[in-house]
$ cat run-v2.txt   # compact mmCIF, C-alpha atoms
# COMPACT_ATOMS: atom_id res chain seq x y z
CA MET A 1 -13.24 -4.04 4.79
CA LEU A 2 -13.33 -1.92 7.95
CA LEU A 3 -16.92 -0.88 7.30
CA ALA A 4 -17.96 -4.54 7.18
CA LEU A 5 -16.56 -5.44 10.61
CA PRO A 6 -19.63 -4.39 12.66
CA GLU A 7 -21.90 -6.46 10.43
CA ILE A 8 -19.53 -9.46 10.52
CA VAL A 9 -19.67 -9.35 14.33
CA ALA A 10 -23.48 -9.56 14.20
CA ARG A 11 -23.92 -11.99 11.30
CA LEU A 12 -21.25 -14.51 12.37
CA HIS A 13 -22.24 -14.21 16.04
CA THR A 14 -18.74 -13.38 17.17
CA SER A 15 -17.07 -10.55 19.09
CA ILE A 16 -14.90 -7.60 18.19
CA SER A 17 -11.97 -9.34 19.93
CA HIS A 18 -12.23 -12.19 17.44
CA VAL A 19 -13.23 -10.31 14.33
CA ILE A 20 -10.11 -8.11 14.37
CA TRP A 21 -8.24 -11.23 13.30
CA VAL A 22 -9.92 -10.81 9.92
CA ILE A 23 -7.58 -7.84 9.50
CA VAL A 24 -4.63 -9.23 11.47
CA VAL A 25 -4.46 -12.53 9.56
CA TYR A 26 -4.58 -10.71 6.22
CA ASN A 27 -1.75 -8.36 7.19
CA LEU A 28 0.41 -11.11 8.67
CA SER A 29 -0.03 -13.12 5.47
CA LEU A 30 0.82 -10.02 3.44
CA ILE A 31 4.06 -9.63 5.42
CA ALA A 32 4.96 -13.31 5.04
CA GLY A 33 4.14 -13.24 1.33
CA SER A 34 6.31 -10.16 0.77
CA ILE A 35 9.25 -11.87 2.45
CA VAL A 36 8.79 -15.01 0.34
CA VAL A 37 8.56 -13.01 -2.89
CA ARG A 38 11.69 -11.12 -1.92
CA LEU A 39 13.59 -14.41 -1.62
CA THR A 40 12.66 -15.51 -5.15
CA PRO A 41 15.40 -15.60 -7.85
CA ARG A 42 16.78 -12.19 -8.78
CA ARG A 43 15.28 -12.28 -12.27
CA PRO A 44 11.89 -14.03 -12.02
CA ALA A 45 9.33 -13.69 -14.78
CA VAL A 46 7.21 -10.79 -13.58
CA GLU A 47 3.98 -11.30 -15.54
CA PRO A 48 3.33 -14.95 -14.53
CA LEU A 49 3.96 -13.97 -10.91
CA LEU A 50 1.55 -11.04 -11.20
CA VAL A 51 -1.14 -13.21 -12.84
CA ALA A 52 -0.70 -15.87 -10.14
CA GLY A 53 -1.03 -13.25 -7.41
CA LEU A 54 -4.19 -11.82 -8.96
CA LEU A 55 -5.78 -15.25 -9.39
CA LEU A 56 -4.95 -16.30 -5.82
CA PHE A 57 -6.27 -13.00 -4.47
CA GLY A 58 -9.47 -13.38 -6.50
CA ALA A 59 -10.06 -17.00 -5.48
CA ALA A 60 -9.44 -16.17 -1.81
CA SER A 61 -11.80 -13.19 -2.08
CA LEU A 62 -14.51 -15.49 -3.41
CA ALA A 63 -13.88 -17.94 -0.56
CA SER A 64 -14.03 -15.08 1.97
CA GLY A 65 -17.38 -13.94 0.61
CA LEU A 66 -18.82 -17.45 0.83
CA ALA A 67 -17.45 -18.22 4.31
CA GLY A 68 -20.08 -19.50 6.71
CA ASP A 69 -18.09 -19.06 9.90
CA LEU A 70 -15.20 -17.03 11.26
CA THR A 71 -12.63 -19.86 11.00
CA THR A 72 -13.28 -20.32 7.27
CA LEU A 73 -13.14 -16.56 6.76
CA LEU A 74 -9.77 -16.34 8.52
CA ILE A 75 -8.28 -19.14 6.40
CA ALA A 76 -9.50 -17.47 3.23
CA ARG A 77 -8.13 -14.10 4.38
CA GLY A 78 -4.74 -15.72 4.92
CA PHE A 79 -4.59 -16.84 1.28
CA GLN A 80 -5.91 -13.44 0.21
CA GLY A 81 -2.99 -11.79 2.01
CA ILE A 82 -0.46 -14.01 0.26
CA GLY A 83 -2.03 -13.21 -3.10
CA GLY A 84 -2.04 -9.53 -2.22
CA ALA A 85 1.67 -9.61 -1.39
CA VAL A 86 2.51 -11.26 -4.68
CA LEU A 87 0.47 -8.87 -6.80
CA LEU A 88 1.72 -5.79 -4.91
CA CYS A 89 5.37 -6.73 -5.42
CA ALA A 90 4.95 -7.99 -8.98
CA SER A 91 3.01 -4.90 -10.08
CA LEU A 92 5.98 -2.65 -9.38
CA PRO A 93 8.19 -3.29 -12.43
CA PRO A 94 5.38 -2.73 -15.00
CA MET A 95 4.25 0.42 -13.18
CA ALA A 96 7.79 1.69 -12.81
CA ARG A 97 8.42 1.21 -16.52
CA GLY A 98 5.21 3.10 -17.26
CA SER A 99 6.37 6.15 -15.28
CA THR A 100 7.15 9.27 -17.28
CA ALA A 101 10.73 10.25 -17.92
CA SER A 102 10.29 13.41 -15.86
CA ASP A 103 9.27 11.41 -12.80
CA SER A 104 12.24 11.47 -10.45
CA SER A 105 11.22 8.20 -8.80
CA PRO A 106 9.93 5.20 -10.79
CA LEU A 107 8.04 4.11 -7.69
CA ARG A 108 5.67 7.09 -7.62
CA THR A 109 3.26 5.48 -10.09
CA TRP A 110 2.86 2.60 -7.66
CA SER A 111 2.40 4.97 -4.69
CA ALA A 112 -0.19 7.03 -6.61
CA ALA A 113 -2.15 3.90 -7.51
CA ALA A 114 -2.17 2.87 -3.85
CA ALA A 115 -3.47 6.32 -2.85
CA ILE A 116 -6.27 6.17 -5.44
CA GLY A 117 -7.24 2.69 -4.25
CA ALA A 118 -7.33 3.89 -0.65
CA ALA A 119 -9.57 6.80 -1.64
CA ILE A 120 -12.05 4.61 -3.53
CA GLY A 121 -12.08 1.70 -1.07
CA PRO A 122 -14.10 3.15 1.83
CA ALA A 123 -16.84 4.55 -0.41
CA ALA A 124 -17.15 1.34 -2.42
CA GLY A 125 -17.16 -0.78 0.72
CA GLY A 126 -19.82 1.38 2.35
CA VAL A 127 -22.09 1.21 -0.70
CA LEU A 128 -21.74 -2.57 -1.04
CA THR A 129 -22.38 -3.17 2.67
CA GLN A 130 -25.40 -0.85 2.64
CA VAL A 131 -27.01 -2.24 -0.53
CA PHE A 132 -26.11 -5.92 0.01
CA ASP A 133 -24.11 -7.07 3.04
CA TRP A 134 -20.51 -7.64 4.19
CA ARG A 135 -20.02 -10.56 1.78
CA ALA A 136 -20.42 -8.27 -1.21
CA ILE A 137 -17.12 -6.51 -0.41
CA PHE A 138 -15.22 -9.76 -0.96
CA LEU A 139 -17.36 -11.13 -3.79
CA ALA A 140 -16.91 -7.91 -5.78
CA GLN A 141 -13.12 -8.27 -5.63
CA ALA A 142 -13.07 -11.68 -7.36
CA PRO A 143 -14.19 -10.61 -10.88
CA VAL A 144 -12.00 -7.50 -10.71
CA ALA A 145 -8.95 -9.62 -9.91
CA ALA A 146 -9.84 -12.09 -12.70
CA ALA A 147 -10.23 -9.27 -15.24
CA ALA A 148 -6.90 -7.78 -14.20
CA ALA A 149 -5.18 -11.17 -14.56
CA ILE A 150 -6.56 -11.55 -18.10
CA ALA A 151 -5.45 -8.02 -19.01
CA VAL A 152 -1.92 -8.65 -17.73
CA TRP A 153 -1.68 -11.94 -19.60
CA LEU A 154 -2.93 -10.42 -22.89
CA THR A 155 -0.55 -7.45 -22.56
CA ALA A 156 2.44 -9.66 -21.75
CA ARG A 157 1.92 -11.70 -24.92
CA ASN A 158 2.62 -8.63 -27.06
CA GLU A 159 5.66 -7.42 -25.11
CA ARG A 160 9.13 -7.93 -26.54
CA GLU A 161 10.88 -6.89 -23.34
CA HIS A 162 9.55 -7.73 -19.93
CA PRO A 163 10.12 -5.59 -16.82
CA GLN A 164 12.44 -6.93 -14.15
CA PHE A 165 12.65 -6.67 -10.41
CA THR A 166 16.17 -5.25 -10.71
CA ASP A 167 15.36 -1.68 -11.77
CA PRO A 168 17.90 0.96 -10.77
CA ILE A 169 17.78 2.56 -7.34
CA PRO A 170 15.98 5.93 -7.34
CA GLN A 171 17.87 8.79 -5.74
CA ASP A 172 16.15 11.20 -3.39
CA THR A 173 17.82 14.51 -4.28
CA ARG A 174 16.49 16.18 -1.14
CA THR A 175 18.92 14.18 1.00
CA GLU A 176 22.06 14.65 -1.07
CA GLY A 177 25.03 15.61 1.07
CA THR A 178 23.28 14.62 4.32
CA ALA A 179 23.59 11.64 6.61
CA LEU A 180 20.47 10.19 4.99
CA ALA A 181 21.89 9.96 1.48
CA GLY A 182 22.17 6.27 0.70
CA SER A 183 22.07 5.49 4.41
CA THR A 184 20.83 2.05 5.43
CA ALA A 185 20.18 3.43 8.91
CA GLY A 186 18.05 6.17 7.35
CA ALA A 187 15.97 3.59 5.45
CA ILE A 188 15.50 1.51 8.60
CA ARG A 189 14.49 4.60 10.53
CA ALA A 190 11.97 5.54 7.83
CA ASN A 191 10.45 2.05 7.80
CA LEU A 192 10.17 2.09 11.60
CA ALA A 193 8.42 5.46 11.50
CA LEU A 194 6.08 4.15 8.77
CA GLY A 195 5.19 1.20 10.98
CA LEU A 196 4.42 3.45 13.96
CA LEU A 197 2.28 5.77 11.81
CA SER A 198 0.43 2.72 10.47
CA ALA A 199 -0.28 1.71 14.07
CA GLY A 200 -1.65 5.23 14.58
CA LEU A 201 -3.80 4.77 11.49
CA ILE A 202 -5.78 2.16 13.41
CA GLY A 203 -7.25 4.90 15.59
CA ALA A 204 -8.15 7.05 12.63
CA LEU A 205 -9.87 4.27 10.69
CA PHE A 206 -10.67 1.15 12.74
CA LEU A 207 -11.85 2.87 15.92
CA SER A 208 -13.60 5.70 14.09
CA THR A 209 -15.48 3.11 11.99
CA LEU A 210 -16.81 1.43 15.13
CA LEU A 211 -17.59 4.80 16.66
CA LEU A 212 -19.54 6.04 13.62
CA ILE A 213 -21.56 2.86 13.00
CA ASN A 214 -21.91 1.10 16.35
CA VAL A 215 -22.13 4.08 18.69
CA TRP A 216 -23.35 7.05 16.66
CA GLY A 217 -25.69 4.93 14.54
CA LEU A 218 -24.60 5.99 11.04
CA ALA A 219 -25.45 3.72 8.12
CA PRO A 220 -22.41 2.11 6.41
CA ILE A 221 -22.74 4.35 3.36
CA ALA A 222 -22.88 7.47 5.55
CA ALA A 223 -19.89 6.27 7.56
CA ALA A 224 -18.05 5.67 4.27
CA ALA A 225 -18.66 9.29 3.26
CA VAL A 226 -17.14 10.48 6.55
CA LEU A 227 -14.18 8.10 6.41
CA LEU A 228 -13.50 9.04 2.80
CA VAL A 229 -12.13 12.35 4.07
CA LEU A 230 -8.99 10.64 5.39
CA PRO A 231 -7.74 8.90 2.19
CA LEU A 232 -8.76 11.87 0.04
CA MET A 233 -6.66 14.23 2.18
CA THR A 234 -3.84 11.67 2.18
CA ALA A 235 -3.85 11.56 -1.63
CA ALA A 236 -4.20 15.35 -1.96
CA THR A 237 -1.28 16.19 0.33
CA GLY A 238 1.14 13.48 -0.75
CA ARG A 239 2.97 15.78 -3.14
CA ALA A 240 3.83 18.16 -0.30
CA GLY A 241 5.66 15.36 1.48
CA ARG A 242 7.86 14.79 -1.56
CA VAL A 243 8.75 18.48 -1.86
CA LEU A 244 9.48 19.32 1.77
CA ASN A 245 12.59 18.35 3.68
CA PRO A 246 12.04 14.68 4.65
CA THR A 247 12.56 15.24 8.38
CA VAL A 248 10.27 18.27 8.45
CA ALA A 249 7.59 16.45 6.44
CA ALA A 250 7.73 13.32 8.60
CA ALA A 251 7.70 15.26 11.87
CA GLY A 252 4.93 17.63 10.81
CA GLY A 253 2.85 14.77 9.45
CA ALA A 254 3.23 12.73 12.64
CA ILE A 255 2.14 15.71 14.73
CA ALA A 256 -0.93 16.22 12.50
CA VAL A 257 -1.90 12.54 12.80
CA ALA A 258 -1.54 12.64 16.60
CA ALA A 259 -3.50 15.89 16.81
CA GLY A 260 -6.32 14.57 14.63
CA VAL A 261 -6.75 11.38 16.65
CA ALA A 262 -6.52 13.35 19.93
CA ILE A 263 -9.33 15.66 18.76
CA LEU A 264 -11.49 12.61 18.08
CA ALA A 265 -10.63 11.30 21.55
CA LEU A 266 -11.94 14.49 23.16
CA THR A 267 -15.50 14.08 21.85
CA THR A 268 -18.04 13.12 24.51
CA ASN A 269 -21.11 12.60 22.35
CA ARG A 270 -22.16 12.32 18.71
CA SER A 271 -20.38 14.95 16.61
CA VAL A 272 -19.88 14.03 12.96
CA ILE A 273 -18.39 17.45 12.16
CA VAL A 274 -15.65 16.97 14.76
CA CYS A 275 -14.95 13.52 13.33
CA VAL A 276 -14.63 14.95 9.81
CA VAL A 277 -12.19 17.63 11.02
CA ALA A 278 -10.16 15.04 12.96
CA LEU A 279 -9.97 12.65 10.00
CA ALA A 280 -9.06 15.49 7.61
CA LEU A 281 -6.20 16.53 9.90
CA SER A 282 -5.01 12.93 10.28
CA GLY A 283 -5.28 12.38 6.53
CA THR A 284 -3.22 15.49 5.85
CA GLY A 285 -0.55 14.27 8.25
CA LEU A 286 -0.51 10.81 6.73
CA GLY A 287 -0.20 12.19 3.20
CA VAL A 288 2.76 14.39 4.06
CA ALA A 289 4.55 11.93 6.34
CA PHE A 290 3.89 8.74 4.36
CA SER A 291 5.16 10.11 1.06
CA ALA A 292 8.32 11.54 2.65
CA LEU A 293 9.06 8.44 4.69
CA THR A 294 8.27 6.08 1.81
CA GLU A 295 10.75 7.80 -0.50
CA GLU A 296 13.36 7.75 2.24
CA ALA A 297 12.69 4.07 2.95
CA LEU A 298 12.95 3.19 -0.75
CA SER A 299 16.17 5.13 -1.31
CA THR A 300 18.53 2.30 -0.30
CA GLY A 301 18.63 -1.33 -1.32
CA GLN A 302 19.93 -3.65 -3.99
CA THR A 303 16.69 -4.15 -5.90
CA MET A 304 13.29 -2.54 -6.20
CA LEU A 305 11.70 -5.74 -4.92
CA GLY A 306 13.79 -5.78 -1.76
CA ARG A 307 13.11 -2.15 -0.94
CA VAL A 308 9.37 -2.41 -1.45
CA ALA A 309 9.07 -5.73 0.42
CA ASN A 310 10.68 -4.06 3.43
CA THR A 311 8.29 -1.12 3.24
CA ILE A 312 5.18 -3.29 2.81
CA ALA A 313 6.23 -5.44 5.77
CA SER A 314 6.89 -2.38 7.95
CA ARG A 315 3.52 -0.78 7.23
CA ASP A 316 1.51 -3.95 7.76
CA LEU A 317 3.44 -4.93 10.87
CA GLY A 318 2.54 -1.53 12.31
CA LEU A 319 -1.15 -2.18 11.63
CA VAL A 320 -0.94 -5.57 13.34
CA VAL A 321 0.89 -4.17 16.38
CA GLY A 322 -1.63 -1.35 16.69
CA LEU A 323 -4.60 -3.72 16.54
CA LEU A 324 -3.20 -6.27 18.97
CA ALA A 325 -2.02 -3.62 21.43
CA LEU A 326 -5.15 -1.48 21.50
CA THR A 327 -8.05 -3.88 20.97
CA PRO A 328 -7.87 -5.44 24.47
CA LEU A 329 -7.90 -1.92 25.95
CA PHE A 330 -10.88 -0.94 23.79
CA VAL A 331 -12.84 -4.11 24.59
CA SER A 332 -12.21 -3.63 28.31
CA GLN A 333 -13.48 -0.04 28.12
CA ILE A 334 -16.53 -0.88 26.01
CA ASN A 335 -17.50 -3.66 28.45
CA ASP A 336 -17.62 -1.07 31.23
CA VAL A 337 -20.13 1.14 29.39
CA GLN A 338 -23.11 -0.32 31.25
CA SER A 339 -21.62 0.31 34.70
CA LYS A 340 -20.62 3.86 33.75
CA ALA A 341 -24.02 4.67 32.23
CA GLU A 342 -26.02 3.26 35.14
CA PRO A 343 -25.68 6.15 37.67
CA PRO A 344 -26.75 8.92 35.25
CA LEU A 345 -29.54 6.68 33.91
CA VAL A 346 -30.89 6.11 37.42
CA THR A 347 -30.69 9.84 38.14
CA ALA A 348 -32.55 10.71 34.93
CA THR A 349 -35.20 8.04 35.59
CA LEU A 350 -35.86 9.22 39.15
CA ALA A 351 -36.01 12.84 38.00
CA SER A 352 -38.71 11.98 35.43
CA GLY A 353 -41.32 11.65 38.23
CA MET A 354 -42.75 8.27 37.19
CA PRO A 355 -44.16 5.82 39.75
CA ALA A 356 -41.59 3.56 41.43
CA ALA A 357 -43.16 0.46 39.83
CA VAL A 358 -42.61 1.92 36.34
CA ASP A 359 -39.03 2.84 37.26
CA LEU A 360 -38.29 -0.73 38.32
CA GLU A 361 -39.94 -2.18 35.23
CA LEU A 362 -37.94 0.17 33.02
CA ALA A 363 -34.70 -0.81 34.74
CA ALA A 364 -35.43 -4.51 34.12
CA ALA A 365 -36.32 -3.84 30.46
CA LEU A 366 -33.14 -1.85 29.90
CA GLN A 367 -31.04 -4.61 31.49
CA LYS A 368 -32.68 -7.13 29.17
CA ALA A 369 -31.85 -4.95 26.15
CA VAL A 370 -28.22 -4.68 27.31
CA ASN A 371 -27.93 -8.46 27.67
CA ALA A 372 -29.37 -9.02 24.18
CA ALA A 373 -27.03 -6.56 22.45
CA PRO A 374 -24.02 -8.05 20.58
CA GLN A 375 -20.59 -7.12 21.89
CA SER A 376 -19.38 -3.69 20.71
CA GLN A 377 -22.95 -2.64 19.81
CA LEU A 378 -25.20 -0.39 21.84
CA PRO A 379 -28.46 -1.88 23.16
CA ASP A 380 -31.65 -1.05 21.28
CA ILE A 381 -33.79 0.48 24.03
CA LYS A 382 -36.63 1.74 21.80
CA PRO A 383 -38.72 -1.48 22.07
CA ALA A 384 -38.46 -1.38 25.88
CA PHE A 385 -39.81 2.16 26.01
CA ALA A 386 -42.53 1.34 23.47
CA ARG A 387 -43.80 -1.62 25.53
CA LEU A 388 -43.85 0.46 28.72
CA GLU A 389 -45.75 3.30 27.02
CA THR A 390 -48.42 0.79 25.99
CA ALA A 391 -48.52 -0.84 29.43
CA HIS A 392 -48.57 2.44 31.38
CA PRO A 393 -50.50 5.11 29.42
CA SER A 394 -50.39 7.54 32.34
CA SER A 395 -46.57 7.58 32.17
CA ALA A 396 -46.34 7.59 28.36
CA ALA A 397 -45.47 11.29 28.09
CA ARG A 398 -42.70 11.00 30.68
CA LEU A 399 -41.35 7.87 28.99
CA ARG A 400 -41.25 9.63 25.60
CA ALA A 401 -39.33 12.52 27.16
CA LEU A 402 -36.94 10.16 28.98
CA GLN A 403 -36.06 7.97 25.97
CA PRO A 404 -33.81 10.46 24.08
CA LYS A 405 -32.09 11.36 27.37
CA ALA A 406 -31.40 7.68 28.07
CA GLU A 407 -30.07 7.14 24.53
CA SER A 408 -27.81 10.18 24.88
CA ILE A 409 -26.46 8.95 28.23
CA ILE A 410 -25.64 5.50 26.83
CA ARG A 411 -24.13 6.97 23.64
CA SER A 412 -21.99 9.39 25.66
CA ALA A 413 -20.67 6.59 27.90
CA ALA A 414 -19.85 4.47 24.82
CA THR A 415 -18.12 7.40 23.10
CA LYS A 416 -15.93 7.96 26.15
CA ALA A 417 -14.99 4.27 26.05
CA PHE A 418 -12.97 5.04 22.90
CA HIS A 419 -10.85 7.72 24.58
CA SER A 420 -8.03 5.55 25.95
CA SER A 421 -7.61 3.58 22.72
CA LEU A 422 -7.66 6.71 20.57
CA LEU A 423 -5.06 8.37 22.78
CA GLY A 424 -3.00 5.18 22.46
CA THR A 425 -3.01 5.52 18.68
CA ALA A 426 -1.98 9.16 19.05
CA GLY A 427 0.90 7.87 21.17
CA PHE A 428 2.06 5.66 18.29
CA ALA A 429 2.10 8.73 16.02
CA LEU A 430 4.16 10.64 18.58
CA LEU A 431 6.62 7.74 18.73
CA ALA A 432 6.90 8.05 14.94
CA LEU A 433 7.69 11.74 15.48
CA ILE A 434 10.52 10.86 17.86
CA VAL A 435 11.94 8.30 15.43
CA ALA A 436 11.71 10.77 12.54
CA VAL A 437 13.63 13.57 14.26
CA VAL A 438 16.40 11.47 15.81
CA PRO A 439 19.61 12.73 14.17
CA LEU A 440 21.74 10.20 12.32
CA ARG A 441 25.48 10.61 12.37
CA ARG A 442 27.55 9.66 9.38
CA ARG A 443 30.16 7.05 10.14
CA PRO A 444 33.72 7.83 9.05
CA GLY A 445 34.19 6.92 5.43
CA GLN A 446 30.47 6.62 4.70
CA PRO A 447 29.74 7.76 1.12
CA ARG A 448 27.54 10.80 0.61
CA GLY A 449 25.32 9.33 -2.04
CA PRO A 450 23.73 6.03 -2.97
CA SER A 451 25.88 3.58 -4.87
CA PRO A 452 23.65 1.41 -7.02
CA THR A 453 24.53 -2.26 -6.91
CA PRO A 454 24.56 -3.85 -10.35
CA ALA A 455 21.98 -6.55 -10.88

$ encode --input "run-v2.txt" --output "structure tokens"
Amino acid sequence: MLLALPEIVARLHTSISHVIWVIVVYNLSLIAGSIVVRLTPRRPAVEPLLVAGLLLFGAASLASGLAGDLTTLLIARGFQGIGGAVLLCASLPPMARGSTASDSSPLRTWSAAAAIGAAIGPAAGGVLTQVFDWRAIFLAQAPVAAAAAIAVWLTARNEREHPQFTDPIPQDTRTEGTALAGSTAGAIRANLALGLLSAGLIGALFLSTLLLINVWGLAPIAAAAVLLVLPLMTAATGRAGRVLNPTVAAAGGAIAVAAGVAILALTTNRSVIVCVVALALSGTGLGVAFSALTEEALSTGQTMLGRVANTIASRDLGLVVGLLALTPLFVSQINDVQSKAEPPLVTATLASGMPAAVDLELAAALQKAVNAAPQSQLPDIKPAFARLETAHPSSAARLRALQPKAESIIRSAATKAFHSSLLGTAGFALLALIVAVVPLRRRPGQPRGPSPTPA
């Protein structure tokens, strides 16, 4: 989805300030849907709920792919979020029952599936956007959701026993005998830290997507290959977060996320290698911290459904907060690119030694290219230089030498426009660090271990 945003801005003739609501509306609907599902009867029929969620998600995906304007797309995304919440929550009992006996937490199957999906998503989205367009990302989801609904329905017909939402509470043995064992405060703290890390994830994915495609000029499929580093490292390092002490894992992971985003914020011009290193570091931090915090967050609660609904809501709320807090800052900075690029452009133009008339004509052509460029996209200055080379053959050599310098100046100014927003996302990760290391004191009489509540 992220890789489609630049193309949606151009094709629907909108702005980055408006198009972020394609993500925000989905996540808000996902939060609302999770809360509604949590309030359903304690023993609902899981399979019909899962089939309904898949069908709603598929139908909304189809509507999103066929949307002709931003308003229609936002409405469809809202229904897609509700369907996503239902299928996420309802998929837990079947996955938990399918976990192996040696798996200490029945929720790890669900977490692993989410990690695999995150790893595949960017690559698939980049390929679909590159080969077709942004609509293909949504249209491709519809038949997959329909096939999954049919498979669930056919499997459920042959089941004698059906999984319930009231599976027993998993115990995190790493916290036994500590203030976190069975602690509601510990679960709240973990969910808060997850939300803050999710807000930090915006810098690592949303802003880096715009940077790679809109500023550095990578094709969607190439940007997907770069972005794939983050979810792959997240999936590869998740096991470490479940083995380490939860506080150490959460703190170390938050530091790695902040460091990775800060490295990306320090770039001043196109540097794909630096971006790969930054995303790999952020992905490592997310893998370690997310797995540790997720297990801590899921360690307390009456039912599996309640615990997971809280965690889903916390993560998605963090994404929404990050987007709404940082997008205005980013848009303000990106709108100042022209004024910041002007002085070095004038200096480079004057130093080229062209006649004053050519300099003035070039300045007017560049201004026209800037005015024609969609918001959040760099102006295409190649046609302006090509026309001037044809009109002024005596200055053609100087114009050819000046063009890459001008492109580099504009690209550098646009890259620097991401700095404040990226540092803001690093700040969210550091807030997660503070939350993760705050010591929790056991209240007098508080039990040392979780006490499962009977269904």

$ residues_near_point --input "run-v2.txt" --point "(-3.0, -13.7, -10.7)" --cutoff "12 Å" --atoms "all atoms listed in the file" --output "PyMOL selection string"
chain A and resi 46-60+80+82-88+90-91+142-153

$ residues_around --input "run-v2.txt" --residues "Leu210 of chain A" --least-positions-apart "3" --cutoff "12 Å" --atoms "only C-alpha atoms" --output "PyMOL selection string"
chain A and resi 2-7+9+16+20+202-207+213-220+223-224+227+327+330-331+334+375-378+414-415+417-418+422

$ closest_atom_pairs --input "run-v2.txt" --of "segment 291-354 of chain A" --to "segment 253-263 of chain A" --cutoff "12 Å" --atoms "all atoms listed in the file" --output "Markdown table"
| residue | atom | partner | partner_atom | distance |
| --- | --- | --- | --- | --- |
| A:Ser291 | CA | A:Gly253 | CA | 9.9 |
| A:Ala292 | CA | A:Gly253 | CA | 9.3 |
| A:Leu293 | CA | A:Gly253 | CA | 10.1 |

$ write_last_selection --input "run-v2.txt" --atoms "C-alpha atoms" --output "PDB file, in the frame of the given file"
ATOM      1  CA  SER A 291       5.160  10.110   1.060  1.00  0.00           C
ATOM      2  CA  ALA A 292       8.320  11.540   2.650  1.00  0.00           C
ATOM      3  CA  LEU A 293       9.060   8.440   4.690  1.00  0.00           C
TER       4      LEU A 293
END

$ residues_around --input "run-v2.txt" --residues "Pro379 of chain A" --least-positions-apart "3" --cutoff "12 Å" --atoms "all atoms listed in the file" --output "ChimeraX atom specification"
/A:214-215,217,337-338,365-376,382-384,406-407,410-411,414

$ write_last_selection --input "run-v2.txt" --atoms "C-alpha atoms" --output "PDB file, in the coordinates of the input"
ATOM      1  CA  ASN A 214     -21.910   1.100  16.350  1.00  0.00           C
ATOM      2  CA  VAL A 215     -22.130   4.080  18.690  1.00  0.00           C
ATOM      3  CA  GLY A 217     -25.690   4.930  14.540  1.00  0.00           C
ATOM      4  CA  VAL A 337     -20.130   1.140  29.390  1.00  0.00           C
ATOM      5  CA  GLN A 338     -23.110  -0.320  31.250  1.00  0.00           C
ATOM      6  CA  ALA A 365     -36.320  -3.840  30.460  1.00  0.00           C
ATOM      7  CA  LEU A 366     -33.140  -1.850  29.900  1.00  0.00           C
ATOM      8  CA  GLN A 367     -31.040  -4.610  31.490  1.00  0.00           C
ATOM      9  CA  LYS A 368     -32.680  -7.130  29.170  1.00  0.00           C
ATOM     10  CA  ALA A 369     -31.850  -4.950  26.150  1.00  0.00           C
ATOM     11  CA  VAL A 370     -28.220  -4.680  27.310  1.00  0.00           C
ATOM     12  CA  ASN A 371     -27.930  -8.460  27.670  1.00  0.00           C
ATOM     13  CA  ALA A 372     -29.370  -9.020  24.180  1.00  0.00           C
ATOM     14  CA  ALA A 373     -27.030  -6.560  22.450  1.00  0.00           C
ATOM     15  CA  PRO A 374     -24.020  -8.050  20.580  1.00  0.00           C
ATOM     16  CA  GLN A 375     -20.590  -7.120  21.890  1.00  0.00           C
ATOM     17  CA  SER A 376     -19.380  -3.690  20.710  1.00  0.00           C
ATOM     18  CA  LYS A 382     -36.630   1.740  21.800  1.00  0.00           C
ATOM     19  CA  PRO A 383     -38.720  -1.480  22.070  1.00  0.00           C
ATOM     20  CA  ALA A 384     -38.460  -1.380  25.880  1.00  0.00           C
ATOM     21  CA  ALA A 406     -31.400   7.680  28.070  1.00  0.00           C
ATOM     22  CA  GLU A 407     -30.070   7.140  24.530  1.00  0.00           C
ATOM     23  CA  ILE A 410     -25.640   5.500  26.830  1.00  0.00           C
ATOM     24  CA  ARG A 411     -24.130   6.970  23.640  1.00  0.00           C
ATOM     25  CA  ALA A 414     -19.850   4.470  24.820  1.00  0.00           C
TER      26      ALA A 414
END

$ residues_around --input "run-v2.txt" --residues "Ala363 of chain A" --least-positions-apart "5" --cutoff "12 Å" --atoms "all atoms listed in the file" --output "VMD selection string"
chain A and resid 342 to 343 345 to 350 356 to 358 368 to 370 381 384 to 385 388 406

$ write_last_selection --input "run-v2.txt" --atoms "C-alpha atoms" --output "PDB file, keeping the file's coordinate frame"
ATOM      1  CA  GLU A 342     -26.020   3.260  35.140  1.00  0.00           C
ATOM      2  CA  PRO A 343     -25.680   6.150  37.670  1.00  0.00           C
ATOM      3  CA  LEU A 345     -29.540   6.680  33.910  1.00  0.00           C
ATOM      4  CA  VAL A 346     -30.890   6.110  37.420  1.00  0.00           C
ATOM      5  CA  THR A 347     -30.690   9.840  38.140  1.00  0.00           C
ATOM      6  CA  ALA A 348     -32.550  10.710  34.930  1.00  0.00           C
ATOM      7  CA  THR A 349     -35.200   8.040  35.590  1.00  0.00           C
ATOM      8  CA  LEU A 350     -35.860   9.220  39.150  1.00  0.00           C
ATOM      9  CA  ALA A 356     -41.590   3.560  41.430  1.00  0.00           C
ATOM     10  CA  ALA A 357     -43.160   0.460  39.830  1.00  0.00           C
ATOM     11  CA  VAL A 358     -42.610   1.920  36.340  1.00  0.00           C
ATOM     12  CA  LYS A 368     -32.680  -7.130  29.170  1.00  0.00           C
ATOM     13  CA  ALA A 369     -31.850  -4.950  26.150  1.00  0.00           C
ATOM     14  CA  VAL A 370     -28.220  -4.680  27.310  1.00  0.00           C
ATOM     15  CA  ILE A 381     -33.790   0.480  24.030  1.00  0.00           C
ATOM     16  CA  ALA A 384     -38.460  -1.380  25.880  1.00  0.00           C
ATOM     17  CA  PHE A 385     -39.810   2.160  26.010  1.00  0.00           C
ATOM     18  CA  LEU A 388     -43.850   0.460  28.720  1.00  0.00           C
ATOM     19  CA  ALA A 406     -31.400   7.680  28.070  1.00  0.00           C
TER      20      ALA A 406
END
